[in-house]
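Raw coords-v9.txt, compact mmCIF, N, CA and C atoms:
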# COMPACT_ATOMS: atom_id res chain seq x y z
N LEU A 1 0.83 -1.19 0.00
CA LEU A 1 0.00 0.00 0.00
C LEU A 1 0.87 1.25 0.00
N LEU A 2 0.34 2.29 -0.59
CA LEU A 2 1.03 3.58 -0.60
C LEU A 2 0.44 4.42 0.53
N ILE A 3 1.16 4.47 1.64
CA ILE A 3 0.70 5.20 2.82
C ILE A 3 1.46 6.51 2.88
N PRO A 4 0.75 7.64 2.88
CA PRO A 4 1.44 8.93 2.88
C PRO A 4 2.21 9.15 4.18
N PRO A 5 3.34 9.87 4.09
CA PRO A 5 4.11 10.15 5.30
C PRO A 5 3.36 11.12 6.21
N CYS A 6 3.66 11.06 7.51
CA CYS A 6 3.03 11.96 8.48
C CYS A 6 3.45 13.39 8.21
N ARG A 7 2.49 14.29 8.37
CA ARG A 7 2.72 15.73 8.21
C ARG A 7 2.04 16.43 9.38
N ALA A 8 2.25 17.72 9.48
CA ALA A 8 1.52 18.49 10.48
C ALA A 8 0.05 18.47 10.11
N PRO A 9 -0.86 18.37 11.10
CA PRO A 9 -2.29 18.38 10.78
C PRO A 9 -2.64 19.63 9.97
N LEU A 10 -3.35 19.40 8.87
CA LEU A 10 -3.63 20.49 7.95
C LEU A 10 -4.88 20.16 7.15
N ARG A 11 -5.71 21.16 6.93
CA ARG A 11 -6.88 20.98 6.07
C ARG A 11 -6.40 20.92 4.62
N ALA A 12 -6.93 19.96 3.86
CA ALA A 12 -6.51 19.78 2.47
C ALA A 12 -7.67 19.22 1.66
N ASP A 13 -7.78 19.62 0.41
CA ASP A 13 -8.81 19.11 -0.49
C ASP A 13 -8.26 17.96 -1.32
N HIS A 14 -9.15 17.23 -1.95
CA HIS A 14 -8.82 16.14 -2.88
C HIS A 14 -8.09 14.97 -2.21
N LEU A 15 -8.29 14.78 -0.93
CA LEU A 15 -7.65 13.66 -0.24
C LEU A 15 -8.12 12.33 -0.81
N TRP A 16 -9.32 12.28 -1.32
CA TRP A 16 -9.91 11.05 -1.87
C TRP A 16 -9.18 10.57 -3.13
N GLN A 17 -8.27 11.35 -3.67
CA GLN A 17 -7.52 10.92 -4.85
C GLN A 17 -6.38 9.98 -4.47
N HIS A 18 -6.14 9.81 -3.17
CA HIS A 18 -5.09 8.92 -2.67
C HIS A 18 -5.68 8.15 -1.48
N MET A 19 -4.85 7.58 -0.63
CA MET A 19 -5.37 6.85 0.52
C MET A 19 -6.10 7.83 1.44
N CYS A 20 -7.33 7.47 1.77
CA CYS A 20 -8.16 8.37 2.56
C CYS A 20 -9.27 7.55 3.22
N PHE A 21 -9.57 7.89 4.46
CA PHE A 21 -10.69 7.28 5.16
C PHE A 21 -11.77 8.35 5.28
N GLU A 22 -13.03 7.95 5.08
CA GLU A 22 -14.10 8.93 5.02
C GLU A 22 -15.25 8.55 5.93
N ALA A 23 -15.90 9.58 6.46
CA ALA A 23 -17.12 9.38 7.26
C ALA A 23 -18.17 10.36 6.75
N PHE A 24 -19.34 9.83 6.46
CA PHE A 24 -20.48 10.63 6.04
C PHE A 24 -21.51 10.54 7.16
N VAL A 25 -22.06 11.68 7.57
CA VAL A 25 -22.98 11.73 8.70
C VAL A 25 -24.25 12.47 8.26
N SER A 26 -25.40 11.83 8.43
CA SER A 26 -26.68 12.46 8.12
C SER A 26 -27.68 12.15 9.22
N VAL A 27 -28.80 12.84 9.17
CA VAL A 27 -29.91 12.55 10.07
C VAL A 27 -30.95 11.83 9.23
N GLN A 28 -31.46 10.73 9.75
CA GLN A 28 -32.42 9.92 9.01
C GLN A 28 -33.57 10.77 8.49
N GLY A 29 -33.85 10.65 7.19
CA GLY A 29 -34.95 11.38 6.56
C GLY A 29 -34.59 12.76 6.04
N SER A 30 -33.37 13.20 6.25
CA SER A 30 -32.94 14.53 5.79
C SER A 30 -31.97 14.38 4.61
N PRO A 31 -32.06 15.26 3.62
CA PRO A 31 -31.11 15.21 2.51
C PRO A 31 -29.74 15.80 2.88
N GLU A 32 -29.67 16.50 4.01
CA GLU A 32 -28.42 17.15 4.42
C GLU A 32 -27.47 16.12 5.02
N TYR A 33 -26.17 16.35 4.81
CA TYR A 33 -25.16 15.48 5.41
C TYR A 33 -23.82 16.19 5.46
N CYS A 34 -22.93 15.64 6.25
CA CYS A 34 -21.56 16.14 6.37
C CYS A 34 -20.60 15.04 5.91
N GLU A 35 -19.49 15.45 5.37
CA GLU A 35 -18.45 14.51 4.93
C GLU A 35 -17.14 14.89 5.59
N PHE A 36 -16.43 13.89 6.08
CA PHE A 36 -15.11 14.08 6.66
C PHE A 36 -14.13 13.16 5.95
N ASN A 37 -12.98 13.70 5.58
CA ASN A 37 -11.91 12.92 4.97
C ASN A 37 -10.72 12.96 5.90
N PHE A 38 -10.11 11.80 6.15
CA PHE A 38 -8.97 11.70 7.05
C PHE A 38 -7.86 10.93 6.35
N SER A 39 -6.70 11.54 6.26
CA SER A 39 -5.54 10.87 5.67
C SER A 39 -4.62 10.39 6.78
N PRO A 40 -3.95 9.25 6.59
CA PRO A 40 -2.96 8.82 7.57
C PRO A 40 -1.83 9.85 7.75
N SER A 41 -1.70 10.77 6.81
CA SER A 41 -0.68 11.82 6.91
C SER A 41 -1.02 12.83 8.01
N GLY A 42 -2.29 12.88 8.43
CA GLY A 42 -2.75 13.89 9.39
C GLY A 42 -3.57 14.97 8.71
N GLU A 43 -3.58 14.98 7.38
CA GLU A 43 -4.39 15.95 6.65
C GLU A 43 -5.86 15.54 6.76
N TRP A 44 -6.75 16.52 6.60
CA TRP A 44 -8.17 16.26 6.76
C TRP A 44 -8.96 17.26 5.92
N ALA A 45 -10.24 16.95 5.74
CA ALA A 45 -11.17 17.85 5.06
C ALA A 45 -12.55 17.62 5.66
N ALA A 46 -13.39 18.66 5.59
CA ALA A 46 -14.76 18.57 6.10
C ALA A 46 -15.66 19.40 5.20
N TYR A 47 -16.81 18.83 4.88
CA TYR A 47 -17.77 19.50 3.98
C TYR A 47 -19.17 19.31 4.53
N GLU A 48 -20.06 20.27 4.21
CA GLU A 48 -21.48 20.10 4.52
C GLU A 48 -22.26 20.20 3.22
N PHE A 49 -23.28 19.35 3.11
CA PHE A 49 -24.07 19.24 1.89
C PHE A 49 -25.54 19.51 2.22
N SER A 50 -26.19 20.32 1.40
CA SER A 50 -27.62 20.57 1.59
C SER A 50 -28.44 19.45 0.97
N ARG A 51 -27.87 18.76 -0.02
CA ARG A 51 -28.47 17.59 -0.66
C ARG A 51 -27.36 16.87 -1.41
N TYR A 52 -27.68 15.78 -2.07
CA TYR A 52 -26.71 14.92 -2.75
C TYR A 52 -25.71 15.72 -3.57
N ARG A 53 -24.44 15.66 -3.17
CA ARG A 53 -23.30 16.28 -3.84
C ARG A 53 -23.39 17.79 -4.03
N ASP A 54 -24.25 18.46 -3.27
CA ASP A 54 -24.36 19.93 -3.32
C ASP A 54 -23.77 20.47 -2.03
N GLY A 55 -22.42 20.65 -2.02
CA GLY A 55 -21.77 20.97 -0.76
C GLY A 55 -20.77 22.09 -0.82
N VAL A 56 -20.37 22.50 0.37
CA VAL A 56 -19.36 23.54 0.57
C VAL A 56 -18.47 23.10 1.73
N PRO A 57 -17.28 23.70 1.85
CA PRO A 57 -16.44 23.37 3.00
C PRO A 57 -17.16 23.66 4.33
N LEU A 58 -16.99 22.79 5.28
CA LEU A 58 -17.59 22.94 6.60
C LEU A 58 -16.60 23.64 7.51
N GLU A 59 -17.05 24.70 8.13
CA GLU A 59 -16.20 25.41 9.09
C GLU A 59 -16.23 24.65 10.41
N VAL A 60 -15.07 24.25 10.89
CA VAL A 60 -15.00 23.47 12.12
C VAL A 60 -14.58 24.33 13.31
N GLY A 61 -14.51 25.63 13.11
CA GLY A 61 -14.11 26.52 14.19
C GLY A 61 -12.71 26.20 14.65
N GLY A 62 -12.46 26.31 15.92
CA GLY A 62 -11.14 26.03 16.46
C GLY A 62 -10.94 24.57 16.82
N LEU A 63 -11.83 23.70 16.36
CA LEU A 63 -11.75 22.30 16.75
C LEU A 63 -11.61 21.38 15.55
N PRO A 64 -10.44 21.36 14.92
CA PRO A 64 -10.26 20.42 13.81
C PRO A 64 -10.27 18.99 14.33
N PRO A 65 -10.49 18.03 13.45
CA PRO A 65 -10.47 16.63 13.89
C PRO A 65 -9.10 16.23 14.44
N LYS A 66 -9.11 15.28 15.34
CA LYS A 66 -7.87 14.71 15.85
C LYS A 66 -7.67 13.38 15.14
N ILE A 67 -6.53 13.22 14.48
CA ILE A 67 -6.24 12.01 13.70
C ILE A 67 -4.99 11.35 14.24
N THR A 68 -5.09 10.06 14.50
CA THR A 68 -3.94 9.28 14.93
C THR A 68 -3.84 8.06 14.02
N ALA A 69 -2.69 7.89 13.38
CA ALA A 69 -2.46 6.72 12.53
C ALA A 69 -1.32 5.90 13.12
N ARG A 70 -1.54 4.58 13.17
CA ARG A 70 -0.52 3.66 13.67
C ARG A 70 -0.30 2.60 12.60
N ARG A 71 0.97 2.41 12.26
CA ARG A 71 1.32 1.43 11.23
C ARG A 71 2.02 0.24 11.86
N GLY A 72 1.62 -0.95 11.43
CA GLY A 72 2.27 -2.18 11.84
C GLY A 72 2.80 -2.89 10.61
N ASP A 73 3.35 -4.07 10.80
CA ASP A 73 3.89 -4.82 9.67
C ASP A 73 2.84 -5.07 8.59
N GLU A 74 1.67 -5.49 9.00
CA GLU A 74 0.61 -5.79 8.04
C GLU A 74 -0.69 -5.11 8.44
N ARG A 75 -0.58 -3.91 9.01
CA ARG A 75 -1.77 -3.27 9.55
C ARG A 75 -1.61 -1.76 9.56
N LEU A 76 -2.72 -1.08 9.35
CA LEU A 76 -2.78 0.38 9.49
C LEU A 76 -4.05 0.69 10.27
N ASP A 77 -3.90 1.33 11.41
CA ASP A 77 -5.05 1.76 12.22
C ASP A 77 -5.12 3.27 12.14
N LEU A 78 -6.33 3.80 11.93
CA LEU A 78 -6.53 5.24 11.93
C LEU A 78 -7.70 5.55 12.85
N ASP A 79 -7.45 6.40 13.83
CA ASP A 79 -8.50 6.89 14.72
C ASP A 79 -8.72 8.36 14.40
N ALA A 80 -9.98 8.75 14.28
CA ALA A 80 -10.32 10.14 14.02
C ALA A 80 -11.42 10.55 14.98
N THR A 81 -11.25 11.69 15.60
CA THR A 81 -12.23 12.22 16.53
C THR A 81 -12.73 13.55 16.01
N ILE A 82 -14.05 13.67 15.89
CA ILE A 82 -14.66 14.94 15.49
C ILE A 82 -15.61 15.38 16.61
N HIS A 83 -15.86 16.64 16.69
CA HIS A 83 -16.71 17.20 17.72
C HIS A 83 -18.12 17.38 17.14
N THR A 84 -18.97 16.38 17.34
CA THR A 84 -20.29 16.37 16.71
C THR A 84 -21.22 17.51 17.13
N PRO A 85 -21.16 18.04 18.36
CA PRO A 85 -22.10 19.11 18.69
C PRO A 85 -21.99 20.32 17.77
N ARG A 86 -20.85 20.50 17.13
CA ARG A 86 -20.67 21.64 16.24
C ARG A 86 -21.17 21.40 14.82
N LEU A 87 -21.63 20.19 14.52
CA LEU A 87 -22.13 19.91 13.18
C LEU A 87 -23.49 20.55 12.99
N PRO A 88 -23.72 21.22 11.85
CA PRO A 88 -25.02 21.86 11.61
C PRO A 88 -26.19 20.87 11.67
N ILE A 89 -25.98 19.64 11.24
CA ILE A 89 -27.08 18.67 11.22
C ILE A 89 -27.49 18.20 12.61
N MET A 90 -26.66 18.45 13.62
CA MET A 90 -26.96 17.95 14.97
C MET A 90 -28.15 18.65 15.60
N SER A 91 -28.58 19.77 15.04
CA SER A 91 -29.76 20.46 15.57
C SER A 91 -31.05 19.79 15.13
N GLN A 92 -30.96 18.87 14.17
CA GLN A 92 -32.14 18.15 13.68
C GLN A 92 -32.45 16.96 14.59
N ASN A 93 -33.72 16.60 14.66
CA ASN A 93 -34.12 15.42 15.42
C ASN A 93 -34.03 14.19 14.53
N GLY A 94 -33.78 13.06 15.12
CA GLY A 94 -33.75 11.81 14.39
C GLY A 94 -32.46 11.06 14.62
N SER A 95 -32.46 9.81 14.19
CA SER A 95 -31.28 8.96 14.31
C SER A 95 -30.21 9.42 13.33
N LEU A 96 -28.97 9.21 13.71
CA LEU A 96 -27.87 9.50 12.80
C LEU A 96 -27.63 8.29 11.91
N GLN A 97 -27.25 8.57 10.68
CA GLN A 97 -26.87 7.52 9.75
C GLN A 97 -25.47 7.85 9.25
N LEU A 98 -24.60 6.85 9.30
CA LEU A 98 -23.21 7.05 8.91
C LEU A 98 -22.83 6.15 7.75
N GLY A 99 -22.03 6.70 6.88
CA GLY A 99 -21.37 5.92 5.85
C GLY A 99 -19.88 5.94 6.17
N LEU A 100 -19.30 4.79 6.41
CA LEU A 100 -17.87 4.70 6.71
C LEU A 100 -17.20 4.01 5.54
N CYS A 101 -16.16 4.63 5.00
CA CYS A 101 -15.56 4.11 3.78
C CYS A 101 -14.08 4.49 3.70
N ALA A 102 -13.42 3.91 2.71
CA ALA A 102 -12.00 4.17 2.53
C ALA A 102 -11.63 4.07 1.05
N VAL A 103 -10.69 4.90 0.67
CA VAL A 103 -10.03 4.79 -0.62
C VAL A 103 -8.64 4.26 -0.30
N ILE A 104 -8.29 3.13 -0.87
CA ILE A 104 -7.00 2.50 -0.61
C ILE A 104 -6.14 2.60 -1.87
N GLU A 105 -4.93 3.10 -1.71
CA GLU A 105 -4.03 3.26 -2.85
C GLU A 105 -2.87 2.27 -2.73
N GLU A 106 -2.64 1.56 -3.83
CA GLU A 106 -1.50 0.64 -3.89
C GLU A 106 -0.28 1.40 -4.39
N GLU A 107 0.90 0.81 -4.19
CA GLU A 107 2.15 1.46 -4.61
C GLU A 107 2.18 1.78 -6.10
N ASN A 108 1.45 1.01 -6.91
CA ASN A 108 1.41 1.26 -8.35
C ASN A 108 0.36 2.30 -8.74
N GLY A 109 -0.30 2.92 -7.75
CA GLY A 109 -1.28 3.96 -8.01
C GLY A 109 -2.71 3.48 -8.19
N VAL A 110 -2.92 2.17 -8.17
CA VAL A 110 -4.28 1.63 -8.32
C VAL A 110 -5.08 1.94 -7.06
N LEU A 111 -6.31 2.43 -7.26
CA LEU A 111 -7.20 2.75 -6.14
C LEU A 111 -8.30 1.70 -6.03
N SER A 112 -8.66 1.36 -4.80
CA SER A 112 -9.83 0.53 -4.56
C SER A 112 -10.71 1.25 -3.55
N TYR A 113 -12.00 0.94 -3.61
CA TYR A 113 -12.99 1.68 -2.82
C TYR A 113 -13.72 0.71 -1.90
N TRP A 114 -13.70 1.00 -0.61
CA TRP A 114 -14.25 0.12 0.40
C TRP A 114 -15.31 0.88 1.21
N ALA A 115 -16.39 0.19 1.57
CA ALA A 115 -17.45 0.83 2.36
C ALA A 115 -18.21 -0.24 3.14
N LEU A 116 -18.88 0.19 4.21
CA LEU A 116 -19.75 -0.73 4.94
C LEU A 116 -20.81 -1.28 4.00
N LYS A 117 -21.28 -0.43 3.08
CA LYS A 117 -22.28 -0.84 2.11
C LYS A 117 -22.12 0.04 0.87
N HIS A 118 -22.09 -0.61 -0.29
CA HIS A 118 -22.06 0.13 -1.55
C HIS A 118 -23.46 0.12 -2.16
N PRO A 119 -23.94 1.27 -2.64
CA PRO A 119 -25.19 1.25 -3.40
C PRO A 119 -24.96 0.56 -4.74
N PRO A 120 -26.02 0.18 -5.46
CA PRO A 120 -25.83 -0.48 -6.76
C PRO A 120 -25.03 0.41 -7.73
N GLY A 121 -24.29 -0.23 -8.62
CA GLY A 121 -23.52 0.51 -9.62
C GLY A 121 -22.12 0.83 -9.14
N ARG A 122 -21.53 1.85 -9.73
CA ARG A 122 -20.17 2.26 -9.39
C ARG A 122 -20.11 2.76 -7.95
N PRO A 123 -18.95 2.64 -7.29
CA PRO A 123 -18.84 3.15 -5.92
C PRO A 123 -19.21 4.64 -5.86
N ASP A 124 -20.08 4.97 -4.93
CA ASP A 124 -20.52 6.36 -4.73
C ASP A 124 -20.74 6.56 -3.24
N PHE A 125 -19.72 7.04 -2.56
CA PHE A 125 -19.79 7.20 -1.12
C PHE A 125 -20.85 8.23 -0.70
N HIS A 126 -21.24 9.13 -1.59
CA HIS A 126 -22.24 10.15 -1.26
C HIS A 126 -23.68 9.63 -1.32
N HIS A 127 -23.89 8.49 -1.93
CA HIS A 127 -25.24 7.98 -2.10
C HIS A 127 -25.83 7.61 -0.74
N PRO A 128 -27.05 8.06 -0.44
CA PRO A 128 -27.61 7.78 0.89
C PRO A 128 -27.79 6.30 1.20
N ASP A 129 -27.88 5.45 0.19
CA ASP A 129 -27.99 4.01 0.45
C ASP A 129 -26.72 3.45 1.09
N GLY A 130 -25.62 4.18 0.99
CA GLY A 130 -24.36 3.76 1.61
C GLY A 130 -24.23 4.15 3.07
N PHE A 131 -25.16 4.98 3.57
CA PHE A 131 -25.11 5.41 4.97
C PHE A 131 -25.75 4.30 5.81
N ALA A 132 -24.99 3.24 6.02
CA ALA A 132 -25.53 1.97 6.53
C ALA A 132 -25.51 1.82 8.05
N LEU A 133 -24.73 2.63 8.74
CA LEU A 133 -24.64 2.50 10.19
C LEU A 133 -25.60 3.49 10.85
N LYS A 134 -26.52 2.96 11.65
CA LYS A 134 -27.51 3.80 12.31
C LYS A 134 -27.18 3.93 13.79
N ILE A 135 -27.20 5.16 14.28
CA ILE A 135 -26.93 5.42 15.70
C ILE A 135 -28.09 6.22 16.27
N GLU A 136 -28.71 5.67 17.29
CA GLU A 136 -29.80 6.38 17.96
C GLU A 136 -29.22 7.45 18.86
N ARG A 137 -29.89 8.56 19.00
CA ARG A 137 -29.39 9.66 19.85
C ARG A 137 -29.20 9.20 21.29
N ARG A 138 -30.07 8.37 21.80
CA ARG A 138 -29.93 7.92 23.19
C ARG A 138 -28.63 7.13 23.36
N ASP A 139 -28.21 6.40 22.31
CA ASP A 139 -26.96 5.65 22.37
C ASP A 139 -25.76 6.59 22.39
N MET A 140 -25.86 7.72 21.70
CA MET A 140 -24.76 8.70 21.70
C MET A 140 -24.58 9.28 23.10
N LYS A 141 -25.69 9.58 23.77
CA LYS A 141 -25.61 10.14 25.12
C LYS A 141 -24.98 9.13 26.06
N ARG A 142 -25.35 7.86 25.93
CA ARG A 142 -24.79 6.82 26.79
C ARG A 142 -23.28 6.69 26.57
N VAL A 143 -22.84 6.75 25.32
CA VAL A 143 -21.41 6.66 25.02
C VAL A 143 -20.67 7.86 25.61
N SER A 144 -21.23 9.06 25.48
CA SER A 144 -20.58 10.26 26.02
C SER A 144 -20.46 10.17 27.54
N GLN A 145 -21.52 9.70 28.20
CA GLN A 145 -21.49 9.59 29.66
C GLN A 145 -20.46 8.55 30.09
N THR A 146 -20.37 7.46 29.37
CA THR A 146 -19.40 6.41 29.71
C THR A 146 -17.99 6.93 29.60
N LYS A 147 -17.70 7.71 28.56
CA LYS A 147 -16.35 8.24 28.37
C LYS A 147 -15.98 9.22 29.48
N MET A 148 -16.96 9.93 30.03
CA MET A 148 -16.66 10.93 31.04
C MET A 148 -16.42 10.28 32.40
N GLU A 149 -16.96 9.09 32.63
CA GLU A 149 -16.85 8.45 33.95
C GLU A 149 -15.48 7.85 34.18
What is this file in structure tokens?
Amino acid sequence: LLIPPCRAPLRADHLWQHMCFEAFVSVQGSPEYCEFNFSPSGEWAAYEFSRYRDGVPLEVGGLPPKITARRGDERLDLDATIHTPRLPIMSQNGSLQLGLCAVIEEENGVLSYWALKHPPGRPDFHHPDGFALKIERRDMKRVSQTKME
């Protein structure tokens, strides 16, 4: 695999053209969603969309994501933490739906596309059918309380 070298954390566009891990967050029943791109290099991007592929950069204020990448002999772990209360969609009621995916780049430049669920046809991480992980709001509160204890 072609894993980018570590750099200072920095906002960058077009991360999906190389190795990149992505998270899409929406509220069930809403066309709005947010997209986060995380590179093992420490670079990141964030966007908000009013509907399918109609988006602009998301302002994250003074709280950019925290990215930690760990490489092993045959393993790459990436942890990314975002501050969800600052997301515009968090003011909406309903369950959260997430699409978790990755673009993997091989040393020869070949890209492959991985997701919890792919919609029919070509890979399209923005398609709402790919937002396969559902999180109830009550579960989010329980997780937050557990982390604080």
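If all atoms listed in the file are the atoms counted, then among A:Leu98, A:Glu74, A:Ser30, A:Glu35 the closest residue to Ile135 of chain A is A:Leu98.
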Open item on the list: Distance cut-off 8 Å, centre (-19.7, 22.6, 14.5) in file coordinates, counting all atoms listed in the file: which residues qualify? Return them as a ChimeraX atom specification.
Closed with: /A:58-61,83-89
Enclosing box along x, y and z for every listed atom of segment 131-134 of chain A, padded 5 Å each side, centre and size in Å, one decimal, as AutoDock Vina command-line options:
--center_x -26.1 --center_y 3.6 --center_z 8.7 --size_x 12.9 --size_y 13.6 --size_z 20.2
Task: Residue contacts of Pro57 of chain A (7 Å, only C-alpha atoms) excluding same-chain residues fewer than 2 positions away, as a ChimeraX atom specification - done: /A:46-48,55,59
Residues from the last selection, N, CA and C atoms, saved as a PDB file, in the coordinates of the input:
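For reference, result-v2.pdb as written:
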ATOM      1  N   ALA A  46     -13.390  18.660   5.590  1.00  0.00           N
ATOM      2  CA  ALA A  46     -14.760  18.570   6.100  1.00  0.00           C
ATOM      3  C   ALA A  46     -15.660  19.400   5.200  1.00  0.00           C
ATOM      4  N   TYR A  47     -16.810  18.830   4.880  1.00  0.00           N
ATOM      5  CA  TYR A  47     -17.770  19.500   3.980  1.00  0.00           C
ATOM      6  C   TYR A  47     -19.170  19.310   4.530  1.00  0.00           C
ATOM      7  N   GLU A  48     -20.060  20.270   4.210  1.00  0.00           N
ATOM      8  CA  GLU A  48     -21.480  20.100   4.520  1.00  0.00           C
ATOM      9  C   GLU A  48     -22.260  20.200   3.220  1.00  0.00           C
ATOM     10  N   GLY A  55     -22.420  20.650  -2.020  1.00  0.00           N
ATOM     11  CA  GLY A  55     -21.770  20.970  -0.760  1.00  0.00           C
ATOM     12  C   GLY A  55     -20.770  22.090  -0.820  1.00  0.00           C
ATOM     13  N   GLU A  59     -17.050  24.700   8.130  1.00  0.00           N
ATOM     14  CA  GLU A  59     -16.200  25.410   9.090  1.00  0.00           C
ATOM     15  C   GLU A  59     -16.230  24.650  10.410  1.00  0.00           C
TER      16      GLU A  59
END
Task: atom N of Cys101 of chain A to atom N of Asp77 of chain A, distance in Å rounded to a single decimal - done: 14.2 Å
Task: Who sits within 6 Å of Cys34 of chain A, all atoms listed in the file, same chain under 4 positions skipped, as a PyMOL selection string - done: chain A and resi 23-26+47-49
Produce a file of the selected residues containing N, CA and C atoms, as an mmCIF file, in the frame of the given file.
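again.cif written:
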data_model
loop_
_atom_site.group_PDB
_atom_site.id
_atom_site.type_symbol
_atom_site.label_atom_id
_atom_site.label_comp_id
_atom_site.auth_asym_id
_atom_site.auth_seq_id
_atom_site.Cartn_x
_atom_site.Cartn_y
_atom_site.Cartn_z
ATOM 1 N N ALA A 23 -15.900 9.580 6.460
ATOM 2 C CA ALA A 23 -17.120 9.380 7.260
ATOM 3 C C ALA A 23 -18.170 10.360 6.750
ATOM 4 N N PHE A 24 -19.340 9.830 6.460
ATOM 5 C CA PHE A 24 -20.480 10.630 6.040
ATOM 6 C C PHE A 24 -21.510 10.540 7.160
ATOM 7 N N VAL A 25 -22.060 11.680 7.570
ATOM 8 C CA VAL A 25 -22.980 11.730 8.700
ATOM 9 C C VAL A 25 -24.250 12.470 8.260
ATOM 10 N N SER A 26 -25.400 11.830 8.430
ATOM 11 C CA SER A 26 -26.680 12.460 8.120
ATOM 12 C C SER A 26 -27.680 12.150 9.220
ATOM 13 N N TYR A 47 -16.810 18.830 4.880
ATOM 14 C CA TYR A 47 -17.770 19.500 3.980
ATOM 15 C C TYR A 47 -19.170 19.310 4.530
ATOM 16 N N GLU A 48 -20.060 20.270 4.210
ATOM 17 C CA GLU A 48 -21.480 20.100 4.520
ATOM 18 C C GLU A 48 -22.260 20.200 3.220
ATOM 19 N N PHE A 49 -23.280 19.350 3.110
ATOM 20 C CA PHE A 49 -24.070 19.240 1.890
ATOM 21 C C PHE A 49 -25.540 19.510 2.220
#
Task: Backbone DSSP call of strand (DSSP E) for segment 50-141 of chain A, listed as a PyMOL selection string - done: chain A and resi 50-51+54-57+66-72+75-81+96-105+111-115+133-135
Task: Test item, alpha helix (DSSP H) assignment across chain A, answer as number ranges by chain - done: A: 137-148
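Picture a line from atom N of Cys6 of chain A to atom CA of Glu107 of chain A; it runs 15.5 Å.
The interatomic distance for the pair atom N of Ile67 of chain A and atom C of Leu100 of chain A works out to 16.7 Å.
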Please provide as a PDB file with N, CA and C atoms, in the frame of the given file all residues within 10 Å of Gln17 of chain A, with the sequence filter that same-chain residues fewer than 4 positions apart are discarded (counting only C-alpha atoms).
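Contents of result_12.pdb, freshly written:
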ATOM      1  N   ASP A  13      -7.780  19.620   0.410  1.00  0.00           N
ATOM      2  CA  ASP A  13      -8.810  19.110  -0.490  1.00  0.00           C
ATOM      3  C   ASP A  13      -8.260  17.960  -1.320  1.00  0.00           C
ATOM      4  N   VAL A 103     -10.690   4.900   0.670  1.00  0.00           N
ATOM      5  CA  VAL A 103     -10.030   4.790  -0.620  1.00  0.00           C
ATOM      6  C   VAL A 103      -8.640   4.260  -0.300  1.00  0.00           C
ATOM      7  N   ILE A 104      -8.290   3.130  -0.870  1.00  0.00           N
ATOM      8  CA  ILE A 104      -7.000   2.500  -0.610  1.00  0.00           C
ATOM      9  C   ILE A 104      -6.140   2.600  -1.870  1.00  0.00           C
ATOM     10  N   GLU A 105      -4.930   3.100  -1.710  1.00  0.00           N
ATOM     11  CA  GLU A 105      -4.030   3.260  -2.850  1.00  0.00           C
ATOM     12  C   GLU A 105      -2.870   2.270  -2.730  1.00  0.00           C
ATOM     13  N   GLY A 109      -0.300   2.920  -7.750  1.00  0.00           N
ATOM     14  CA  GLY A 109      -1.280   3.960  -8.010  1.00  0.00           C
ATOM     15  C   GLY A 109      -2.710   3.480  -8.190  1.00  0.00           C
ATOM     16  N   LEU A 111      -6.310   2.430  -7.260  1.00  0.00           N
ATOM     17  CA  LEU A 111      -7.200   2.750  -6.140  1.00  0.00           C
ATOM     18  C   LEU A 111      -8.300   1.700  -6.030  1.00  0.00           C
TER      19      LEU A 111
END
Open item on the list: With distances taken over all atoms listed in the file, which residue among A:Val110, A:Gln92, A:Pro64, A:Gln97 lies nearest Gly130 of chain A?
Closed with: A:Gln97
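Checking A:Pro40, A:Gly121, A:Gly94, A:Pro31 one by one against Ile3 of chain A, counting all atoms listed in the file, you find the shortest gap at A:Pro40.
Shortest atom-to-atom contact with Ala115 of chain A among A:Cys20, A:Ile82, A:Val56, A:Ala69: A:Cys20, counting only C-alpha atoms.
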TODO: Determine, counting all atoms listed in the file, which protein, DNA and RNA residues have an atom within 7 Å of an atom of Ser41 of chain A; residues of the same chain fewer than 6 positions away are not included. Present the result as a list in words.
DONE: Ile3, Pro4, Pro5, Cys6, Arg7, Ala8 and Pro9 of chain A
